[in-house]
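This report concerns only the one structure given below.
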2 protein chains.
Amino acid sequence: MTTTPHEPPATDAPPTRFLNGDGPKSAADLLATIPPDTGTDMYGNGGAVEELEQYTAELLGKPAAVFFPSGIMGQGAALTVHAARHISSTVAWHPLAHPEIHELDTITRLHRLTTRTVGDPTRLLRLSDLEAVPEPLAVLLLELPQREIGGQLPTWEKLTSQVEWARDHEVSLHLDGARLWEASAAYDRSPAEISALFDTAYVSFYKGIGALSGCCVVGATDVADELREWRRRLGGTLYGLWPLAASALALLPERLPEMPARLAHARAIADALRPVAGVTVVPDPPHTSMMHLLLRVDEPTFTANAARILERDGLQTFRGAQSTIDPHVMKVELNVGRATLQLSPDEIAAAIAELIG
Amino acid sequence: MTTTPHEPPATDAPPTRFLNGDGPKSAADLLATIPPDTGTDMYGNGGAVEELEQYTAELLGKPAAVFFPSGIMGQGAALTVHAARHISSTVAWHPLAHPEIHELDTITRLHRLTTRTVGDPTRLLRLSDLEAVPEPLAVLLLELPQREIGGQLPTWEKLTSQVEWARDHEVSLHLDGARLWEASAAYDRSPAEISALFDTAYVSFYKGIGALSGCCVVGATDVADELREWRRRLGGTLYGLWPLAASALALLPERLPEMPARLAHARAIADALRPVAGVTVVPDPPHTSMMHLLLRVDEPTFTANAARILERDGLQTFRGAQSTIDPHVMKVELNVGRATLQLSPDEIAAAIAELIG
């Protein structure tokens, strides 16, 4: 299940300000995040890779971490390792979980596991959804926050009740923590406190942190050893992984402390948007530093307005919007990053109001 | 099937000269191969990735090329795409093909294909080996040169007779061209002439070329489109693949013309080794710029001799040797690279004689 974003026509004037995320980065900017005296690994052993693995394991309070070049690979490997330790080979997740809608069915078609969606796509997973599953599960994947419904987070109590359910039913727990850093700020709990609820956790180094590609999966030592075998089978044990790892190692200590400010800014943006007619913030107030906006506008109007703002103000609002079931409502995702922090909530609200007008 | 290399004890003096390959590279050296004005891709689209794909497709005379972060991934995807176009799902290859001995059974355990080794591990594949296969095959993987038997290459006539057999039997042909650049020099035929015999070909950019990790698989346009889907499923469509691609793009035009000189040096080394008692060169003369050496020496003597040479001359001969079935014979692999070219054949022969003595 995917929806096609409608792209506005290209304009001659390059944008100078960005509503979303960190803004674009040049190769030179990204290369500058790799110290030239970086220790090189060979096939994942040694150097910056080992250093990043130790750093991440400590940060998440787990015995071991394994660096992967991508989240699709890391999560596929983690689910495979969990399934191998259960009689069931069924992986359960939210109907809008990343592997369900963005990964070309890799878990069924490549990893050959059985998948099952649990709950309603329009809301967070509930304990009652889990209780309604009659078949034995191997592993439950929970995504914190749940990106596709605007970055919603269950309350800590609801989360722990689901974790308890899984423990009671001997179901392994895997955290899709692509945005765990953001969840950590929102819960006001350390990444390790959240990760402690799970057997394995995946964290991303390019989303939020802004490093080159790559991620880690953390867990027990025996699980990590097996993850390394699957990384090799999947073709992820590159001759050298150090450029990716070094970039993450440099940026993590710098970007992690920024998460609370991004959350505060997201909530201030929602405050500024609340009086704007034709805008629905999902969720309101935002649970994390991201939100979805439902805009009462048709696609041609949205596109023309976005192009005008870009042309006139050099401001890139959204590169496109997603259709919804209502032809008069478009959906966009707003991730508060370094570029967003450069714009005041009022400026952002004014630009979004103009997208509708 | 793997054998454990016996590592010599660490020495305090770092080596200054290297018998094998290009010698070690620092992060700074490798980063310097990425131009800072490199165009970045997003999830494999655009920038240096697209440029390298076009360059490689042209070099290999195929309609399309797909960049992969690793050969294990690229070859796994290629075999999967071929198998999907056949009733049979059986992949045939030499008993010492890379996926058979170095990839933790990824083709059977991850890609869920059936594999079959054809021929004798101690020699090249023969037409009669193929003729003896009674089951229908989906795809035949040929490795040129055959690394694990010292980089042997079939004669062009033998190669084309095997290709004809596959065509007659409607078996797809995939080239493991990890060392195609070296095979091209040895056949004195362009990479495109060799690749023309195959439906798909994999070529490496870190072996031989010395770039950061990465490779391409070339083939028909529809095959390439399907390869891209599998790259995503395998977790290889990184947020940005451009650092790897840019490094290959910079080094290919510089390193490809060096291949004939490496071949000539390999043959001169074999000439110098021929009078040395206790050394067998496999194959003799070398077919390509690599060779295996069987050394009549036991492991402790080899290790002590290698350590002494390193300590005394700053020369790293071999970091270890493989056992053979004969406890008095050790095996090493010699790849002629940029570092090897700095040493005369006589110097090399003298060092190898001392490893035995």
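Numbering starts fresh at 1 for the residues of each chain in the structure tokens, the chains themselves are lettered A, B, ... in the order given, and ligands are numbered from 1 as they appear.
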Determine which residues of chain A sit within 8 Å of chain B, taking into account only C-alpha atoms, and present them as a PyMOL selection string. chain A and resi 26-28+31+36-40+69-74+103-106+110-111+206+212-214+229+232-241
Go ahead and save the picked residues with C-alpha atoms, as an mmCIF file, in the first residue's frame.
data_model
loop_
_atom_site.group_PDB
_atom_site.id
_atom_site.type_symbol
_atom_site.label_atom_id
_atom_site.label_comp_id
_atom_site.auth_asym_id
_atom_site.auth_seq_id
_atom_site.Cartn_x
_atom_site.Cartn_y
_atom_site.Cartn_z
ATOM 1 C CA SER A 26 25.761 18.570 -0.250
ATOM 2 C CA ALA A 27 28.298 15.788 -0.630
ATOM 3 C CA ALA A 28 30.919 18.166 0.803
ATOM 4 C CA LEU A 31 31.899 14.180 3.787
ATOM 5 C CA PRO A 36 40.052 11.860 7.969
ATOM 6 C CA ASP A 37 41.814 9.956 10.775
ATOM 7 C CA THR A 38 38.864 7.539 11.053
ATOM 8 C CA GLY A 39 39.852 3.956 11.773
ATOM 9 C CA THR A 40 38.836 1.734 8.871
ATOM 10 C CA PRO A 69 23.908 -0.176 6.187
ATOM 11 C CA SER A 70 20.091 0.140 6.182
ATOM 12 C CA GLY A 71 17.057 -0.259 8.386
ATOM 13 C CA ILE A 72 15.330 -2.587 5.943
ATOM 14 C CA MET A 73 18.294 -4.925 6.298
ATOM 15 C CA GLY A 74 18.665 -4.560 10.051
ATOM 16 C CA GLU A 103 9.594 -2.544 1.854
ATOM 17 C CA LEU A 104 8.156 -4.414 -1.136
ATOM 18 C CA ASP A 105 7.131 -7.341 1.078
ATOM 19 C CA THR A 106 10.704 -8.222 1.934
ATOM 20 C CA LEU A 110 12.800 -12.613 0.961
ATOM 21 C CA HIS A 111 12.829 -13.649 4.613
ATOM 22 C CA TYR A 206 20.263 9.249 9.009
ATOM 23 C CA LEU A 212 25.141 9.158 6.027
ATOM 24 C CA SER A 213 23.078 5.969 5.691
ATOM 25 C CA GLY A 214 23.138 3.310 8.384
ATOM 26 C CA GLU A 229 25.677 -13.871 9.899
ATOM 27 C CA ARG A 232 26.699 -11.149 5.535
ATOM 28 C CA ARG A 233 24.012 -13.213 3.782
ATOM 29 C CA LEU A 234 22.074 -10.063 2.979
ATOM 30 C CA GLY A 235 25.163 -8.488 1.446
ATOM 31 C CA GLY A 236 25.543 -5.864 4.150
ATOM 32 C CA THR A 237 28.990 -6.789 5.410
ATOM 33 C CA LEU A 238 30.670 -4.417 2.996
ATOM 34 C CA TYR A 239 34.441 -4.455 2.474
ATOM 35 C CA GLY A 240 34.407 -1.164 4.396
ATOM 36 C CA LEU A 241 31.456 0.203 6.365
#
With DSSP run on the backbone, what are the alpha helix (DSSP H) residues within range 35-190 of chain A? I'd like them as a VMD selection string. chain A and resid 47 to 59 71 to 83 98 to 101 106 to 109 127 to 131 156 to 168 180 to 187
